[in-house]
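Comments concern the structure below.
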2 protein chains.
Amino acid sequence: MSFTYDYPRPAVTVDCVVFGLQEQRLRVLLIRRGRPPFEGQWALPGGFVDMDEDLEASARRELQEETGLRDIFLEQLYTFGMPGRDPRGRTISVAYYALVNTVNHPPRADDDAAEAEWVDVDRARTLAFDHDEILATALARLRGKVRYQPIGFELLPRKFTLSQLQQLYEVILERELDKRNFRRRILAMDLLVELDEKQQDVSHRAARLYRFDKRKYRSLEESGFVFEL
Amino acid sequence: MSFTYDYPRPAVTVDCVVFGLQEQRLRVLLIRRGRPPFEGQWALPGGFVDMDEDLEASARRELQEETGLRDIFLEQLYTFGMPGRDPRGRTISVAYYALVNTVNHPPRADDDAAEAEWVDVDRARTLAFDHDEILATALARLRGKVRYQPIGFELLPRKFTLSQLQQLYEVILERELDKRNFRRRILAMDLLVELDEKQQDVSHRAARLYRFDKRKYRSLEESGFVFEL
DNA sequence: TCAAAAGTGTTAAAAATACACCCATGG
DNA sequence: CCATGGGTGTATTTTTAACACTTTTGA
């Protein structure tokens, strides 16, 4: 079967930059390519857009097929379309970035992907296609956005300690934050719910657990409130 | 001549949301469609991406062809790909937004566009395709971005007064700003060059002219400085 | 001489920063 | 009993916000 058009058309793909935290490091989920081009090299999960599916749906489908991840935070990043970026012919890639709690979602090689792995963002280099550039764009976006929107919580378990949250920001923003000032600010926003629970199985004083109140954030947001680190 | 592929491919277009200021109002450049679908309706300038051109180059080409605009500020906005957004068949549109000084660039109907016109953003409604949504997205982006990046200057002539600059922000952000505080802040950034020139042909005290020092901004930016309203 | 916009400082309130010690827990 | 991270308050500095009158110019 084949498809014919009056004018040439580029192929359209989606690619996903999935960020996660592991061992206090920011990581990105990569898959090892099982076929040419760039066979054996690390690449972002992604694939061709189906004719009857929305772009975001396409990104979610590819993510599920290649890594098993579903129901995660996902946002459009940028569209890359430089001629020559895919040796197979003109291909336009709509890139998405995603944030995931790696505790709930261990990596998993699946269906057609040979291998999926969490790679330290600082060590992820010489990826297939222009994926280095896509990753760099996603990192810049994450660093910019995390300060103005409460998306960092997507990288943590539902229940987390204030220290975990602070470390998350320190890792992403690459600078140290003052413990007392950080706590005061984040609590002053009144977006965290203090739970009647503490950490388990730690060999020191157990910290109180909190969760992010997404519902409250949405309602505050509508009345003009802006989250700011 | 025709083009055949093993799998179906969407068509890919670019659309441009061009903002300008006229009579203290934020306006958007629209063209009246000269052919179906949506014949006679207002639409964003745009068209199909050529196979060998970069996406941004494509946006610039369409802008020049349809409106005569060239060498203007242009940035990628978002990619719209919902099935059904174009009645002719699956079409993915990479949207750009642009800022232009309307004094240098009067509107002009050109080549294949029937008519081009600056329309008040509040009155631009029921556009062709999903262009209402694209415009809304562009407006939100402009309002968000103008506070953190010195892009507002793109809407003014090279030489401008502080009052013009203030009005620009008031129009885009839809709130009044204090004259003295505004001046102090903007001058404190040290990004404006005070010229030895004043306004001409005004029937009141002539204001001093300034220009934005883009070179200085770039160098400050590299050393970590961030513009903030 | 009037109208219209340009230009200019100070004060008070709020927000951001810097900083150090005691507490609870498990090993 | 010690090592580890949890938890807490204040003083200082910086930033922001509010506010009104004089000057220049052309009509």
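All residue names refer to the structure tokens as shown: chains lettered A, B, ... in order, residues numbered from 1 in each chain, ligands numbered from 1 in order.
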Up to 9 Å from chain A, what residues of chain C turn up? Count only C-alpha atoms (C1' of nucleotides) and give them as a list in words. DA16, DT17, DC23, DA24, DT25, DG26 and DG27 of chain C
Residue selection dump (N, CA and C atoms (P, O5', C5', C4', C3', O3' and C1' of nucleotides)) as a PDB file, in the first residue's frame:
ATOM      1  P    DA C  16      10.565  37.946  48.176  1.00  0.00           P
ATOM      2  O5'  DA C  16      12.073  38.203  48.617  1.00  0.00           O
ATOM      3  C5'  DA C  16      12.842  39.154  47.890  1.00  0.00           C
ATOM      4  C4'  DA C  16      14.254  39.155  48.434  1.00  0.00           C
ATOM      5  C3'  DA C  16      14.893  37.769  48.548  1.00  0.00           C
ATOM      6  O3'  DA C  16      16.189  37.868  48.007  1.00  0.00           O
ATOM      7  C1'  DA C  16      14.956  38.875  50.650  1.00  0.00           C
ATOM      8  P    DT C  17      17.151  36.577  47.882  1.00  0.00           P
ATOM      9  O5'  DT C  17      18.090  36.738  49.161  1.00  0.00           O
ATOM     10  C5'  DT C  17      18.981  37.862  49.212  1.00  0.00           C
ATOM     11  C4'  DT C  17      19.579  37.931  50.589  1.00  0.00           C
ATOM     12  C3'  DT C  17      20.386  36.702  50.977  1.00  0.00           C
ATOM     13  O3'  DT C  17      21.734  37.107  51.054  1.00  0.00           O
ATOM     14  C1'  DT C  17      19.023  37.495  52.772  1.00  0.00           C
ATOM     15  P    DC C  23      16.938  20.864  72.672  1.00  0.00           P
ATOM     16  O5'  DC C  23      16.491  20.104  71.346  1.00  0.00           O
ATOM     17  C5'  DC C  23      15.476  20.683  70.527  1.00  0.00           C
ATOM     18  C4'  DC C  23      14.932  19.619  69.600  1.00  0.00           C
ATOM     19  C3'  DC C  23      14.681  18.271  70.274  1.00  0.00           C
ATOM     20  O3'  DC C  23      13.498  17.752  69.711  1.00  0.00           O
ATOM     21  C1'  DC C  23      16.244  17.999  68.508  1.00  0.00           C
ATOM     22  P    DA C  24      12.660  16.696  70.520  1.00  0.00           P
ATOM     23  O5'  DA C  24      12.861  15.393  69.638  1.00  0.00           O
ATOM     24  C5'  DA C  24      12.252  15.356  68.358  1.00  0.00           C
ATOM     25  C4'  DA C  24      12.888  14.255  67.576  1.00  0.00           C
ATOM     26  C3'  DA C  24      12.760  12.860  68.194  1.00  0.00           C
ATOM     27  O3'  DA C  24      12.015  12.124  67.248  1.00  0.00           O
ATOM     28  C1'  DA C  24      14.975  13.273  67.422  1.00  0.00           C
ATOM     29  P    DT C  25      11.452  10.683  67.538  1.00  0.00           P
ATOM     30  O5'  DT C  25      12.561   9.752  66.902  1.00  0.00           O
ATOM     31  C5'  DT C  25      12.819   9.846  65.501  1.00  0.00           C
ATOM     32  C4'  DT C  25      14.085   9.098  65.196  1.00  0.00           C
ATOM     33  C3'  DT C  25      14.158   7.722  65.854  1.00  0.00           C
ATOM     34  O3'  DT C  25      13.859   6.786  64.836  1.00  0.00           O
ATOM     35  C1'  DT C  25      16.256   8.872  65.831  1.00  0.00           C
ATOM     36  P    DG C  26      13.825   5.215  65.141  1.00  0.00           P
ATOM     37  O5'  DG C  26      15.271   4.820  64.625  1.00  0.00           O
ATOM     38  C5'  DG C  26      15.707   5.297  63.340  1.00  0.00           C
ATOM     39  C4'  DG C  26      17.078   4.742  63.038  1.00  0.00           C
ATOM     40  C3'  DG C  26      17.233   3.264  63.384  1.00  0.00           C
ATOM     41  O3'  DG C  26      17.990   2.692  62.319  1.00  0.00           O
ATOM     42  C1'  DG C  26      18.766   4.568  64.699  1.00  0.00           C
ATOM     43  P    DG C  27      18.700   1.286  62.344  1.00  0.00           P
ATOM     44  O5'  DG C  27      20.162   1.703  62.789  1.00  0.00           O
ATOM     45  C5'  DG C  27      21.015   2.439  61.888  1.00  0.00           C
ATOM     46  C4'  DG C  27      22.436   2.367  62.423  1.00  0.00           C
ATOM     47  C3'  DG C  27      22.915   0.950  62.715  1.00  0.00           C
ATOM     48  O3'  DG C  27      24.258   0.805  62.256  1.00  0.00           O
ATOM     49  C1'  DG C  27      23.042   2.265  64.689  1.00  0.00           C
TER      50       DG C  27
END
### Task
When you get a sec, could you note down which chain A residues fall within 9 Å of chain B, using only C-alpha atoms, as a ChimeraX atom specification?
/A:1-12,49-56,76-84,90,92,94
Kindly determine which residues of chain D lie within 10 Å of chain A, considering only C-alpha atoms (C1' of nucleotides), and give the answer as a VMD selection string. chain D and resid 3 to 9
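The coordinates place CA of Ser93 in chain B at 12.2 Å from CA of Ser93 in chain A.
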Taking 2 positions as the minimum chain separation for residues in the same chain, which residues sit within 6 Å of Arg147 in chain B when counting only C-alpha atoms (C1' of nucleotides)? Answer as a PyMOL selection string. chain B and resi 145+149+228-229
May I have the residues from that selection written out with C-alpha atoms, as a CSV table (one decimal), in the first residue's frame?
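File again_17.csv, as written:
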chain,number,residue,atom,x,y,z
B,145,LYS,CA,7.7,36.9,27.7
B,149,GLN,CA,13.0,39.5,27.9
B,228,GLU,CA,13.0,41.9,34.3
B,229,LEU,CA,10.3,44.5,33.7
Original post:
Just asking: which residues within range 15-191 of chain A are alpha helix (DSSP H) according to DSSP, as number ranges by chain?
Top reply: A: 55-67, 131-145, 162-173, 179-188
Just N, CA and C atoms for this one: save the residues we selected as a compact mmCIF listing (two decimals), in the first residue's frame.
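Generated file (again.txt):
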# COMPACT_ATOMS: atom_id res chain seq x y z
N LEU A 55 -0.98 15.35 18.37
CA LEU A 55 0.48 15.29 18.59
C LEU A 55 0.82 14.80 19.99
N GLU A 56 0.13 15.35 20.98
CA GLU A 56 0.45 14.93 22.35
C GLU A 56 0.10 13.46 22.56
N ALA A 57 -1.01 13.03 21.96
CA ALA A 57 -1.40 11.62 22.08
C ALA A 57 -0.32 10.74 21.45
N SER A 58 0.24 11.22 20.38
CA SER A 58 1.29 10.48 19.70
C SER A 58 2.52 10.34 20.60
N ALA A 59 2.87 11.44 21.26
CA ALA A 59 4.01 11.40 22.18
C ALA A 59 3.74 10.41 23.32
N ARG A 60 2.52 10.44 23.84
CA ARG A 60 2.19 9.52 24.94
C ARG A 60 2.21 8.07 24.48
N ARG A 61 1.72 7.82 23.29
CA ARG A 61 1.71 6.45 22.77
C ARG A 61 3.14 5.93 22.60
N GLU A 62 3.99 6.74 21.98
CA GLU A 62 5.38 6.30 21.76
C GLU A 62 6.07 6.05 23.09
N LEU A 63 5.79 6.92 24.04
CA LEU A 63 6.41 6.77 25.36
C LEU A 63 6.00 5.46 26.01
N GLN A 64 4.72 5.16 25.90
CA GLN A 64 4.24 3.92 26.48
C GLN A 64 4.85 2.71 25.76
N GLU A 65 4.83 2.78 24.43
CA GLU A 65 5.36 1.65 23.66
C GLU A 65 6.84 1.41 23.94
N GLU A 66 7.60 2.47 24.03
CA GLU A 66 9.06 2.30 24.10
C GLU A 66 9.61 2.24 25.50
N THR A 67 8.88 2.78 26.47
CA THR A 67 9.43 2.82 27.83
C THR A 67 8.46 2.34 28.89
N HIS A 131 19.44 14.90 18.59
CA HIS A 131 18.88 14.77 19.93
C HIS A 131 19.70 15.46 21.02
N ASP A 132 20.98 15.69 20.76
CA ASP A 132 21.75 16.50 21.71
C ASP A 132 21.14 17.89 21.82
N GLU A 133 20.79 18.45 20.68
CA GLU A 133 20.22 19.79 20.66
C GLU A 133 18.84 19.80 21.33
N ILE A 134 18.07 18.76 21.07
CA ILE A 134 16.74 18.70 21.68
C ILE A 134 16.87 18.59 23.19
N LEU A 135 17.80 17.78 23.64
CA LEU A 135 18.01 17.64 25.08
C LEU A 135 18.44 18.97 25.69
N ALA A 136 19.33 19.66 25.03
CA ALA A 136 19.81 20.95 25.55
C ALA A 136 18.65 21.94 25.65
N THR A 137 17.79 21.93 24.65
CA THR A 137 16.63 22.83 24.66
C THR A 137 15.70 22.47 25.81
N ALA A 138 15.52 21.18 26.04
CA ALA A 138 14.62 20.74 27.11
C ALA A 138 15.18 21.12 28.48
N LEU A 139 16.49 20.97 28.63
CA LEU A 139 17.12 21.33 29.90
C LEU A 139 16.95 22.82 30.19
N ALA A 140 17.17 23.63 29.16
CA ALA A 140 17.02 25.07 29.34
C ALA A 140 15.58 25.40 29.73
N ARG A 141 14.65 24.73 29.10
CA ARG A 141 13.25 24.97 29.39
C ARG A 141 12.92 24.56 30.82
N LEU A 142 13.40 23.40 31.20
CA LEU A 142 13.13 22.91 32.56
C LEU A 142 13.67 23.90 33.59
N ARG A 143 14.90 24.34 33.39
CA ARG A 143 15.53 25.26 34.35
C ARG A 143 14.78 26.58 34.41
N GLY A 144 14.30 27.03 33.27
CA GLY A 144 13.56 28.27 33.27
C GLY A 144 12.19 28.12 33.89
N LYS A 145 11.54 27.03 33.59
CA LYS A 145 10.13 26.88 33.97
C LYS A 145 9.93 26.49 35.43
N LEU A 162 10.41 18.19 52.89
CA LEU A 162 10.87 19.49 52.41
C LEU A 162 12.32 19.44 51.95
N SER A 163 13.09 18.58 52.57
CA SER A 163 14.49 18.46 52.14
C SER A 163 14.58 17.86 50.75
N GLN A 164 13.72 16.90 50.47
CA GLN A 164 13.72 16.33 49.12
C GLN A 164 13.38 17.40 48.09
N LEU A 165 12.39 18.20 48.45
CA LEU A 165 11.97 19.26 47.53
C LEU A 165 13.11 20.26 47.31
N GLN A 166 13.76 20.61 48.41
CA GLN A 166 14.87 21.57 48.29
C GLN A 166 15.99 21.00 47.43
N GLN A 167 16.33 19.73 47.67
CA GLN A 167 17.39 19.10 46.87
C GLN A 167 17.04 19.09 45.39
N LEU A 168 15.76 18.85 45.11
CA LEU A 168 15.30 18.86 43.72
C LEU A 168 15.63 20.20 43.06
N TYR A 169 15.28 21.29 43.74
CA TYR A 169 15.57 22.59 43.17
C TYR A 169 17.07 22.84 43.07
N GLU A 170 17.80 22.37 44.05
CA GLU A 170 19.25 22.58 44.01
C GLU A 170 19.86 21.84 42.83
N VAL A 171 19.36 20.64 42.56
CA VAL A 171 19.89 19.85 41.46
C VAL A 171 19.55 20.50 40.12
N ILE A 172 18.32 20.94 39.98
CA ILE A 172 17.90 21.50 38.69
C ILE A 172 18.54 22.86 38.45
N LEU A 173 18.53 23.70 39.47
CA LEU A 173 19.03 25.06 39.29
C LEU A 173 20.54 25.16 39.46
N LYS A 179 18.33 26.59 53.76
CA LYS A 179 17.26 25.72 54.25
C LYS A 179 16.09 26.48 54.87
N ARG A 180 16.40 27.41 55.78
CA ARG A 180 15.31 28.11 56.46
C ARG A 180 14.53 29.01 55.52
N ASN A 181 15.25 29.72 54.66
CA ASN A 181 14.55 30.61 53.73
C ASN A 181 13.70 29.81 52.74
N PHE A 182 14.25 28.70 52.27
CA PHE A 182 13.50 27.86 51.34
C PHE A 182 12.20 27.38 51.97
N ARG A 183 12.30 26.88 53.20
CA ARG A 183 11.10 26.38 53.87
C ARG A 183 10.08 27.47 54.08
N ARG A 184 10.56 28.61 54.53
CA ARG A 184 9.62 29.70 54.79
C ARG A 184 8.87 30.08 53.52
N ARG A 185 9.60 30.21 52.42
CA ARG A 185 8.96 30.64 51.17
C ARG A 185 7.97 29.62 50.64
N ILE A 186 8.40 28.39 50.61
CA ILE A 186 7.55 27.37 50.00
C ILE A 186 6.30 27.16 50.85
N LEU A 187 6.43 27.23 52.18
CA LEU A 187 5.27 27.06 53.04
C LEU A 187 4.36 28.29 52.99
N ALA A 188 4.97 29.47 52.78
CA ALA A 188 4.17 30.70 52.73
C ALA A 188 3.19 30.68 51.56
re CA of Leu192 in chain B and CA of Phe212 in chain B: distance 4.7 Å
Exercise. So, counting only C-alpha atoms, which residue among A:Glu154, A:Glu174, A:Glu115, A:Asp190 is closest to Phe19 in chain A?
Worked result: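 Of all the options, A:Glu154 lies closest to Phe19 in chain A.
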What does the structure give for the distance between CA of Asp120 in chain A and CA of Val28 in chain A, in Å to one decimal?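 Straight-line distance from CA of Asp120 in chain A to CA of Val28 in chain A works out to 6.4 Å.
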Those of range 127-227 of chain B in DSSP strand (DSSP E or B), formatted as an mmCIF file with N, CA and C atoms, in the first residue's frame:
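See states_35.cif below for the written result:
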data_model
loop_
_atom_site.group_PDB
_atom_site.id
_atom_site.type_symbol
_atom_site.label_atom_id
_atom_site.label_comp_id
_atom_site.auth_asym_id
_atom_site.auth_seq_id
_atom_site.Cartn_x
_atom_site.Cartn_y
_atom_site.Cartn_z
ATOM 1 N N PHE B 160 13.105 56.057 20.581
ATOM 2 C CA PHE B 160 11.794 56.154 21.218
ATOM 3 C C PHE B 160 11.924 56.936 22.517
ATOM 4 N N LEU B 192 19.558 51.285 28.080
ATOM 5 C CA LEU B 192 19.101 52.313 27.147
ATOM 6 C C LEU B 192 20.195 53.353 26.969
ATOM 7 N N VAL B 193 20.376 53.778 25.738
ATOM 8 C CA VAL B 193 21.336 54.830 25.449
ATOM 9 C C VAL B 193 20.570 56.136 25.281
ATOM 10 N N GLU B 194 20.938 57.127 26.069
ATOM 11 C CA GLU B 194 20.298 58.436 25.984
ATOM 12 C C GLU B 194 20.877 59.160 24.775
ATOM 13 N N LEU B 195 20.015 59.542 23.846
ATOM 14 C CA LEU B 195 20.497 60.197 22.625
ATOM 15 C C LEU B 195 20.471 61.720 22.791
ATOM 16 N N ASP B 196 21.253 62.400 21.957
ATOM 17 C CA ASP B 196 21.253 63.869 21.996
ATOM 18 C C ASP B 196 20.156 64.393 21.084
ATOM 19 N N GLU B 197 18.995 63.807 21.196
ATOM 20 C CA GLU B 197 17.921 64.159 20.284
ATOM 21 C C GLU B 197 16.634 64.212 21.052
ATOM 22 N N LYS B 198 15.700 65.020 20.544
ATOM 23 C CA LYS B 198 14.381 65.075 21.155
ATOM 24 C C LYS B 198 13.325 64.821 20.101
ATOM 25 N N ARG B 208 12.998 63.434 25.467
ATOM 26 C CA ARG B 208 14.294 62.908 25.035
ATOM 27 C C ARG B 208 14.111 61.541 24.377
ATOM 28 N N LEU B 209 14.945 61.265 23.374
ATOM 29 C CA LEU B 209 14.890 59.966 22.697
ATOM 30 C C LEU B 209 15.973 59.033 23.231
ATOM 31 N N TYR B 210 15.654 57.749 23.253
ATOM 32 C CA TYR B 210 16.574 56.708 23.695
ATOM 33 C C TYR B 210 16.598 55.609 22.641
ATOM 34 N N ARG B 211 17.640 54.820 22.694
ATOM 35 C CA ARG B 211 17.600 53.581 21.917
ATOM 36 C C ARG B 211 18.047 52.432 22.809
ATOM 37 N N PHE B 212 17.626 51.216 22.453
ATOM 38 C CA PHE B 212 17.975 50.021 23.215
ATOM 39 C C PHE B 212 19.339 49.525 22.759
#
